[in-house]
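Colleague: Sharing query36.txt (compact mmCIF, C-alpha atoms) below.
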# COMPACT_ATOMS: atom_id res chain seq x y z
CA MET A 103 5.67 53.04 -47.65
CA THR A 104 3.59 49.90 -48.24
CA ASP A 105 4.57 46.61 -46.63
CA SER A 106 5.63 43.83 -49.05
CA TYR A 107 7.22 40.40 -48.91
CA ALA A 108 10.26 41.84 -50.61
CA ASP A 109 11.06 44.14 -47.66
CA ARG A 110 14.53 43.54 -46.30
CA ASP A 111 14.98 42.90 -42.57
CA ALA A 112 15.99 45.90 -40.48
CA GLU A 113 19.36 44.31 -39.72
CA GLU A 114 20.42 44.35 -43.37
CA GLY A 115 24.10 44.60 -42.52
CA TYR A 116 24.12 41.57 -40.23
CA SER A 117 25.29 38.21 -41.44
CA ALA A 118 22.61 35.52 -41.51
CA LEU A 119 23.34 33.44 -38.42
CA PRO A 120 23.78 36.21 -35.82
CA ARG A 121 20.75 38.00 -37.30
CA THR A 122 18.67 34.86 -36.87
CA ILE A 123 19.85 34.35 -33.30
CA GLU A 124 19.11 37.96 -32.36
CA GLY A 125 15.90 38.18 -34.33
CA GLU A 126 14.38 34.70 -33.97
CA VAL A 127 15.84 33.09 -30.86
CA ILE A 128 15.91 36.05 -28.48
CA PRO A 129 12.46 37.52 -29.33
CA ARG A 130 10.89 34.07 -29.07
CA LEU A 131 12.50 33.60 -25.65
CA ILE A 132 11.06 36.96 -24.61
CA LEU A 133 7.73 35.74 -25.99
CA ALA A 134 7.94 32.80 -23.63
CA HIS A 135 8.89 34.97 -20.63
CA ARG A 136 6.20 34.73 -17.94
CA ALA A 137 3.98 32.88 -20.43
CA VAL A 138 2.73 30.38 -17.87
CA ALA A 139 -0.29 31.50 -15.86
CA ASP A 140 -0.18 31.59 -12.05
CA GLY A 141 -0.76 28.13 -10.61
CA ASN A 142 0.40 26.35 -13.78
CA ARG A 143 4.08 27.30 -13.81
CA CYS A 144 6.84 24.81 -14.52
CA ASP A 145 8.70 26.51 -11.70
CA ASP A 146 9.14 29.95 -10.16
CA LEU A 147 10.74 32.78 -12.14
CA ALA A 148 11.78 34.36 -8.84
CA SER A 149 14.87 32.17 -8.76
CA PRO A 150 17.22 32.82 -5.82
CA LEU A 151 20.17 32.00 -8.10
CA ARG A 152 20.74 33.83 -11.37
CA PRO A 153 23.44 33.17 -13.99
CA GLY A 154 26.24 35.61 -14.70
CA SER A 155 29.06 35.78 -17.22
CA THR A 156 30.86 32.86 -15.54
CA GLU A 157 27.92 30.50 -16.08
CA ILE A 158 27.31 31.77 -19.62
CA PHE A 159 30.89 31.21 -20.75
CA GLU A 160 31.10 27.84 -18.97
CA LEU A 161 27.94 26.54 -20.67
CA ALA A 162 29.17 27.88 -24.02
CA ARG A 163 32.43 25.97 -23.50
CA LEU A 164 30.53 22.80 -22.66
CA VAL A 165 28.20 22.91 -25.67
CA LEU A 166 31.16 23.54 -27.96
CA ARG A 167 33.72 21.15 -26.46
CA SER A 168 31.98 18.55 -24.28
CA SER A 169 29.27 15.93 -24.46
CA ASN A 170 25.56 16.56 -24.02
CA SER A 171 25.61 14.61 -20.76
CA GLU A 172 28.30 16.88 -19.29
CA ALA A 173 26.38 20.02 -20.25
CA LEU A 174 23.17 18.57 -18.80
CA ALA A 175 24.97 17.61 -15.59
CA TYR A 176 26.19 21.21 -15.30
CA LEU A 177 22.62 22.54 -15.65
CA ARG A 178 21.31 19.98 -13.16
CA GLY A 179 23.95 21.20 -10.72
CA LEU A 180 22.68 24.77 -11.11
CA GLN A 181 19.15 23.55 -10.47
CA THR A 182 20.32 21.79 -7.30
CA LEU A 183 21.83 25.06 -6.13
CA GLY A 184 18.46 26.78 -6.62
CA MET A 185 18.37 28.10 -10.21
CA SER A 186 14.90 27.64 -11.71
CA THR A 187 14.40 26.04 -15.11
CA GLU A 188 12.73 29.17 -16.48
CA THR A 189 15.74 31.22 -15.37
CA ILE A 190 17.99 28.75 -17.17
CA TYR A 191 15.87 29.07 -20.32
CA LEU A 192 15.69 32.84 -20.34
CA GLU A 193 18.91 34.02 -18.70
CA LEU A 194 21.40 31.30 -19.60
CA LEU A 195 20.42 29.42 -22.77
CA ALA A 196 19.49 32.62 -24.63
CA PRO A 197 22.75 34.48 -23.90
CA VAL A 198 24.73 31.35 -24.79
CA ALA A 199 22.92 31.15 -28.15
CA CYS A 200 23.75 34.80 -28.80
CA HIS A 201 27.36 34.23 -27.72
CA LEU A 202 27.68 31.39 -30.24
CA GLY A 203 26.47 33.74 -32.96
CA VAL A 204 29.11 36.29 -32.01
CA ARG A 205 31.78 33.58 -32.11
CA TRP A 206 30.73 32.73 -35.65
CA GLU A 207 30.68 36.38 -36.70
CA ASP A 208 34.19 37.05 -35.38
CA GLU A 209 35.39 33.67 -36.78
CA SER A 210 36.23 32.21 -33.36
CA SER A 211 34.03 29.25 -34.38
CA ASP A 212 32.97 28.04 -37.81
CA PHE A 213 29.40 27.62 -39.03
CA VAL A 214 29.29 23.86 -38.40
CA GLU A 215 30.58 24.22 -34.83
CA VAL A 216 28.02 26.93 -34.02
CA THR A 217 25.16 25.01 -35.64
CA LEU A 218 26.02 21.89 -33.64
CA GLY A 219 26.21 24.02 -30.50
CA LEU A 220 22.74 25.43 -31.12
CA GLN A 221 21.43 21.91 -31.69
CA LYS A 222 22.92 20.87 -28.35
CA LEU A 223 21.20 23.83 -26.65
CA GLN A 224 17.92 22.71 -28.20
CA ASP A 225 18.43 19.17 -26.89
CA LEU A 226 19.24 20.50 -23.41
CA ALA A 227 16.07 22.61 -23.36
CA HIS A 228 14.02 19.56 -24.31
CA GLN A 229 15.64 17.40 -21.61
CA LEU A 230 14.99 20.03 -18.95
CA SER A 231 11.39 20.34 -20.11
CA GLU A 232 10.80 16.58 -19.93
CA ALA A 233 11.68 16.64 -16.24
CA ASN A 234 9.29 19.56 -15.65
CA LEU A 235 6.44 17.78 -17.38
CA GLU A 236 6.58 15.01 -14.78
CA THR A 237 5.32 17.50 -12.19
CA SER A 238 3.32 19.94 -14.33
CA ARG A 239 -0.44 19.77 -14.55
CA PRO A 240 -1.39 17.11 -17.12
CA THR A 241 -4.07 17.68 -19.70
CA SER A 242 -6.26 14.96 -21.12
CA LYS A 243 -8.38 17.25 -23.26
CA ILE A 244 -7.79 16.76 -26.95
CA SER A 245 -9.25 20.23 -27.44
CA ARG A 246 -6.03 21.75 -26.07
CA ARG A 247 -3.83 20.07 -28.66
CA ALA A 248 -1.50 22.24 -30.75
CA LEU A 249 1.09 21.64 -33.44
CA PHE A 250 4.03 24.06 -33.51
CA VAL A 251 6.62 23.77 -36.28
CA ALA A 252 9.24 25.86 -38.01
CA LEU A 253 8.75 26.48 -41.71
CA PRO A 254 10.36 23.60 -43.66
CA GLY A 255 13.95 24.52 -44.42
CA GLU A 256 14.28 26.79 -41.39
CA GLN A 257 17.51 25.87 -39.63
CA HIS A 258 17.13 27.79 -36.39
CA VAL A 259 14.25 26.39 -34.36
CA PHE A 260 15.64 26.70 -30.83
CA GLY A 261 13.50 29.69 -29.83
CA SER A 262 10.25 28.33 -31.20
CA GLN A 263 10.90 25.03 -29.43
CA LEU A 264 11.12 26.84 -26.10
CA VAL A 265 7.78 28.51 -26.77
CA GLY A 266 6.31 25.04 -27.19
CA GLU A 267 7.84 23.92 -23.89
CA PHE A 268 6.25 26.83 -22.04
CA LEU A 269 2.87 26.13 -23.63
CA ARG A 270 3.14 22.52 -22.49
CA CYS A 271 3.67 23.75 -18.96
CA ALA A 272 0.55 25.91 -19.34
CA GLY A 273 -1.49 22.78 -19.99
CA TRP A 274 -1.33 22.45 -23.77
CA ASP A 275 -0.61 19.15 -25.51
CA VAL A 276 2.03 20.46 -27.93
CA TRP A 277 3.23 18.37 -30.86
CA ASP A 278 6.13 19.10 -33.18
CA VAL A 279 7.69 17.48 -36.23
CA PRO A 280 11.45 18.24 -36.19
CA GLY A 281 12.91 18.64 -39.67
CA ALA A 282 9.47 18.25 -41.26
CA LYS A 283 8.84 18.93 -44.92
CA ASP A 284 5.53 20.26 -46.25
CA GLY A 285 4.28 16.74 -46.90
CA ASP A 286 5.08 15.62 -43.35
CA ILE A 287 3.11 18.51 -41.86
CA LEU A 288 0.14 17.95 -44.15
CA SER A 289 0.13 14.24 -43.37
CA MET A 290 0.18 15.00 -39.64
CA VAL A 291 -2.76 17.44 -39.75
CA ARG A 292 -4.79 14.99 -41.87
CA ARG A 293 -4.37 12.24 -39.24
CA GLU A 294 -4.52 14.22 -35.99
CA TRP A 295 -6.97 16.83 -34.66
CA PHE A 296 -5.36 20.12 -33.60
CA ALA A 297 -7.08 23.19 -32.21
CA VAL A 298 -4.14 25.46 -33.05
CA ILE A 299 -1.27 25.14 -35.49
CA GLY A 300 1.72 27.46 -35.14
CA PHE A 301 4.43 28.26 -37.67
CA SER A 302 7.65 30.23 -37.13
CA ILE A 303 9.97 31.89 -39.62
CA SER A 304 13.05 34.06 -39.29
CA THR A 305 13.18 36.16 -42.48
CA ALA A 306 10.71 38.16 -44.58
CA GLU A 307 11.81 36.20 -47.64
CA GLN A 308 10.01 33.18 -46.18
CA LEU A 309 6.60 34.90 -46.11
CA PRO A 310 5.41 33.65 -49.54
CA ALA A 311 6.30 30.04 -48.66
CA LEU A 312 4.53 30.43 -45.32
CA THR A 313 1.42 31.79 -47.03
CA ALA A 314 1.29 28.79 -49.36
CA LEU A 315 1.83 26.30 -46.52
CA ILE A 316 -0.90 27.84 -44.36
CA ARG A 317 -3.34 27.64 -47.28
CA LYS A 318 -2.52 23.95 -47.86
CA THR A 319 -2.67 23.20 -44.14
CA ARG A 320 -6.15 24.64 -43.75
CA ARG A 321 -7.38 22.58 -46.70
CA ALA A 322 -5.82 19.38 -45.37
CA ALA A 323 -6.62 19.74 -41.64
CA LEU A 324 -8.81 17.15 -39.95
CA ASN A 325 -10.18 20.04 -37.88
CA ARG A 326 -11.86 22.14 -40.54
CA ASP A 327 -11.95 25.14 -38.17
CA VAL A 328 -8.29 24.93 -37.12
CA ARG A 329 -6.74 28.21 -35.93
CA VAL A 330 -3.30 29.31 -37.08
CA MET A 331 -0.68 31.31 -35.17
CA VAL A 332 2.57 32.66 -36.60
CA GLY A 333 5.71 34.07 -35.03
CA GLY A 334 9.27 35.13 -35.65
CA LEU A 335 11.20 38.25 -36.57
CA PRO A 336 9.08 39.29 -39.59
CA PHE A 337 6.03 39.68 -37.33
CA VAL A 338 7.71 41.75 -34.61
CA GLY A 339 6.11 45.17 -34.97
CA GLN A 340 4.41 43.95 -38.17
CA ALA A 341 1.27 42.25 -36.86
CA GLN A 342 -0.61 42.96 -40.09
CA ARG A 343 1.61 40.41 -41.79
CA ALA A 344 -0.17 37.66 -39.86
CA VAL A 345 -3.38 38.49 -41.74
CA LYS A 346 -1.53 38.70 -45.05
CA VAL A 347 -0.15 35.17 -44.72
CA GLY A 348 -3.56 33.79 -43.75
CA ALA A 349 -3.01 33.35 -40.00
CA ASP A 350 -5.44 34.16 -37.20
CA ALA A 351 -2.98 35.61 -34.68
CA THR A 352 0.57 36.49 -33.71
CA ALA A 353 2.00 37.72 -30.40
CA ASN A 354 4.58 40.20 -29.14
CA ASP A 355 5.15 38.96 -25.59
CA GLY A 356 4.63 35.97 -23.35
CA ARG A 357 1.32 36.97 -21.78
CA GLU A 358 -0.09 37.77 -25.21
CA ALA A 359 1.11 34.44 -26.66
CA VAL A 360 -0.73 32.35 -24.09
CA ALA A 361 -3.74 34.69 -24.20
CA GLN A 362 -3.90 34.37 -27.99
CA ALA A 363 -3.83 30.58 -27.87
CA GLU A 364 -6.61 30.54 -25.28
CA PHE A 365 -8.59 33.13 -27.24
CA LEU A 366 -8.35 31.06 -30.43
CA LEU A 367 -9.43 27.99 -28.50
CA GLY A 368 -12.43 29.93 -27.22
CA LEU A 369 -13.39 30.96 -30.74
CA LEU A 370 -13.18 27.35 -31.82
CA GLY A 371 -15.41 26.30 -28.93
CA ARG A 372 -18.07 28.80 -29.92
CA ARG A 373 -18.07 27.52 -33.49
CA ASN A 374 -18.50 23.87 -32.45
Please express what this file holds, its structure, as structure tokens.
Modeller:
Amino acid sequence: MTDSYADRDAEEGYSALPRTIEGEVIPRLILAHRAVADGNRCDDLASPLRPGSTEIFELARLVLRSSNSEALAYLRGLQTLGMSTETIYLELLAPVACHLGVRWEDESSDFVEVTLGLQKLQDLAHQLSEANLETSRPTSKISRRALFVALPGEQHVFGSQLVGEFLRCAGWDVWDVPGAKDGDILSMVRREWFAVIGFSISTAEQLPALTALIRKTRRAALNRDVRVMVGGLPFVGQAQRAVKVGADATANDGREAVAQAEFLLGLLGRRN
């Protein structure tokens, strides 16, 4: 059977929000897993303290019922006890995001409550990352600048944001434009030089819009040889779709994601 943009996602019977959490958030977290090369880690994955169901349900309660500062204080306490930031990203924030989706599916929480909870998780990830960046290896090379954004209109950007945080720790200067429309993205790439631009989507129905945006981005980019990466559920096991939308690469795991970015940077260097 030929691949087409009209293909339905494999999880046809799932409702939209849990499907997005399982298909966009969790795979993108796996993509980030062990993405940082030895010697450039934000911190060690071999954390002596790992979260269990108690920590997962407590953080879920906090993001649903308490303030951001209380939830952040809880995570800081876990760090003080010895839990690494990467462990928090991969083994605590991800299960909490999935748990929120289940709560929405079984009507324990409504859509607005779950969406606000996911936004709070995103904010927490960013706050944890900011602290890591104070001690991570800085980069002053403009050549390692990347722009990573979700397709305009995409509501669930938590997973792709975490990928950006891991790339920052690997030495990339990663920019994003939260809530950006097409015009915002095009304006950004006209003004700023990026080696790599990444886009994420969560459904196959978004492929035509992504194709059009990639075409416009290449035409507008200050860097005429800019490289484009794509990610999200529609590309998992469907790498040929990256070529169809006009991208240069996609990735299926963390090591491959970083390797692809470095490979594209190498190609750019050979052209210049």
Colleague: Determine, counting only C-alpha atoms, every residue of protein, DNA or RNA that lies within 7 Å of (25.9, 28.5, -24.9) in the file coordinates, then give the result as number ranges by chain.
Modeller: A: 158, 161-162, 165, 195, 197-199, 201-202, 223
Colleague: Go through A:Pro336, A:Gly348, A:Gly184, A:Pro153 and flag the residue nearest Ser302 of chain A, using only C-alpha atoms for the distances.
Modeller: A:Pro336
Colleague: So that I can see what lies close to Ala349 of chain A, please list as a count of residues only the residues with an atom at most 7 Å from it, counting all atoms listed in the file and leaving out residues fewer than 5 positions away in the same chain.
Modeller: 4
Colleague: Can you pull out the residues contacting Ala351 of chain A? Cut-off 12 Å, using only C-alpha atoms, and skip same-chain residues under 2 positions away; I want them as a PyMOL selection string.
Modeller: chain A and resi 298-301+329-333+337+340-349+353-354+358-367
Colleague: Next, dump the selected residues to file, keeping only C-alpha atoms, as a CSV table (one decimal), in the coordinates of the input.
Modeller:
chain,number,residue,atom,x,y,z
A,298,VAL,CA,-4.1,25.5,-33.0
A,299,ILE,CA,-1.3,25.1,-35.5
A,300,GLY,CA,1.7,27.5,-35.1
A,301,PHE,CA,4.4,28.3,-37.7
A,329,ARG,CA,-6.7,28.2,-35.9
A,330,VAL,CA,-3.3,29.3,-37.1
A,331,MET,CA,-0.7,31.3,-35.2
A,332,VAL,CA,2.6,32.7,-36.6
A,333,GLY,CA,5.7,34.1,-35.0
A,337,PHE,CA,6.0,39.7,-37.3
A,340,GLN,CA,4.4,44.0,-38.2
A,341,ALA,CA,1.3,42.2,-36.9
A,342,GLN,CA,-0.6,43.0,-40.1
A,343,ARG,CA,1.6,40.4,-41.8
A,344,ALA,CA,-0.2,37.7,-39.9
A,345,VAL,CA,-3.4,38.5,-41.7
A,346,LYS,CA,-1.5,38.7,-45.0
A,347,VAL,CA,-0.2,35.2,-44.7
A,348,GLY,CA,-3.6,33.8,-43.8
A,349,ALA,CA,-3.0,33.4,-40.0
A,353,ALA,CA,2.0,37.7,-30.4
A,354,ASN,CA,4.6,40.2,-29.1
A,358,GLU,CA,-0.1,37.8,-25.2
A,359,ALA,CA,1.1,34.4,-26.7
A,360,VAL,CA,-0.7,32.4,-24.1
A,361,ALA,CA,-3.7,34.7,-24.2
A,362,GLN,CA,-3.9,34.4,-28.0
A,363,ALA,CA,-3.8,30.6,-27.9
A,364,GLU,CA,-6.6,30.5,-25.3
A,365,PHE,CA,-8.6,33.1,-27.2
A,366,LEU,CA,-8.4,31.1,-30.4
A,367,LEU,CA,-9.4,28.0,-28.5
Colleague: Name all residues at most 7 Å from segment 220-222 of chain A (count only C-alpha atoms; drop same-chain ones fewer than 3 positions away) and give them as a PyMOL selection string.
Modeller: chain A and resi 165+170+199+216-217+225-226
Colleague: From the list A:Leu174, A:Ala323, A:Leu192, A:Arg167, which residue is nearest Gly219 of chain A when using only C-alpha atoms?
Modeller: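 For Gly219 of chain A, the nearest of the given residues is A:Arg167.
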Colleague: Show which residues sit within 9 Å of Arg320 of chain A, as a PDB file with C-alpha atoms, keeping the file's coordinate frame. Count all atoms listed in the file, and ignore same-chain residues fewer than 5 positions away.
Modeller:
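Saved the output as around_34.pdb:
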ATOM      1  CA  VAL A 291      -2.760  17.440 -39.750  1.00  0.00           C
ATOM      2  CA  LEU A 315       1.830  26.300 -46.520  1.00  0.00           C
ATOM      3  CA  ASN A 325     -10.180  20.040 -37.880  1.00  0.00           C
ATOM      4  CA  ARG A 326     -11.860  22.140 -40.540  1.00  0.00           C
ATOM      5  CA  ASP A 327     -11.950  25.140 -38.170  1.00  0.00           C
ATOM      6  CA  VAL A 328      -8.290  24.930 -37.120  1.00  0.00           C
ATOM      7  CA  ARG A 329      -6.740  28.210 -35.930  1.00  0.00           C
ATOM      8  CA  VAL A 330      -3.300  29.310 -37.080  1.00  0.00           C
TER       9      VAL A 330
END
Colleague: Give the answer as one residue: which of A:Thr319, A:Leu249, A:Ala282, A:Gly339 has the shortest atom-to-atom distance to Ala297 of chain A, using all atoms listed in the file?
Modeller: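 Nearest to Ala297 of chain A: A:Leu249.
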Colleague: So what do you get for atom CA of Thr189 of chain A versus atom CA of Glu215 of chain A, distance-wise?
Modeller: 25.5 Å
Colleague: As an exercise, work out the distance from atom CA of Leu335 of chain A to atom CA of His228 of chain A in Å and give it to one decimal place.
Modeller: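 Calculated distance between atom CA of Leu335 of chain A and atom CA of His228 of chain A is 22.5 Å.
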Colleague: Which residue gives the smallest distance to Trp277 of chain A among A:Arg247, A:Arg292, A:Lys318, A:Arg205, with only C-alpha atoms counted?
Modeller: A:Arg247
Colleague: Nearest residue to Ile190 of chain A out of A:Gly154, A:Ile287, A:Ser169, A:Asp350, using all atoms listed in the file?
Modeller: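 Looking at the shortest contact to Ile190 of chain A, the residue is A:Gly154.
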Colleague: Around all the atoms of segment 325-333 of chain A listed in the file, with 3 Å of room on each side, what axis-aligned box do you get, giving centre and edge lengths in Å to one decimal, as AutoDock Vina command-line options?
Modeller:
--center_x -3.1 --center_y 27.1 --center_z -37.8 --size_x 23.7 --size_y 20.0 --size_z 11.5
Colleague: Between atom CA of Glu193 of chain A and atom CA of Phe159 of chain A, what is the spacing in Å?
Modeller: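 The value is 12.5 Å.
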Colleague: Between A:Gly285, A:Pro254, A:Gly334, A:Pro280, which has the minimum distance to Thr305 of chain A (counting only C-alpha atoms)?
Modeller: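 Of A:Gly285, A:Pro254, A:Gly334, A:Pro280, the one nearest Thr305 of chain A, counting only C-alpha atoms, is A:Gly334.
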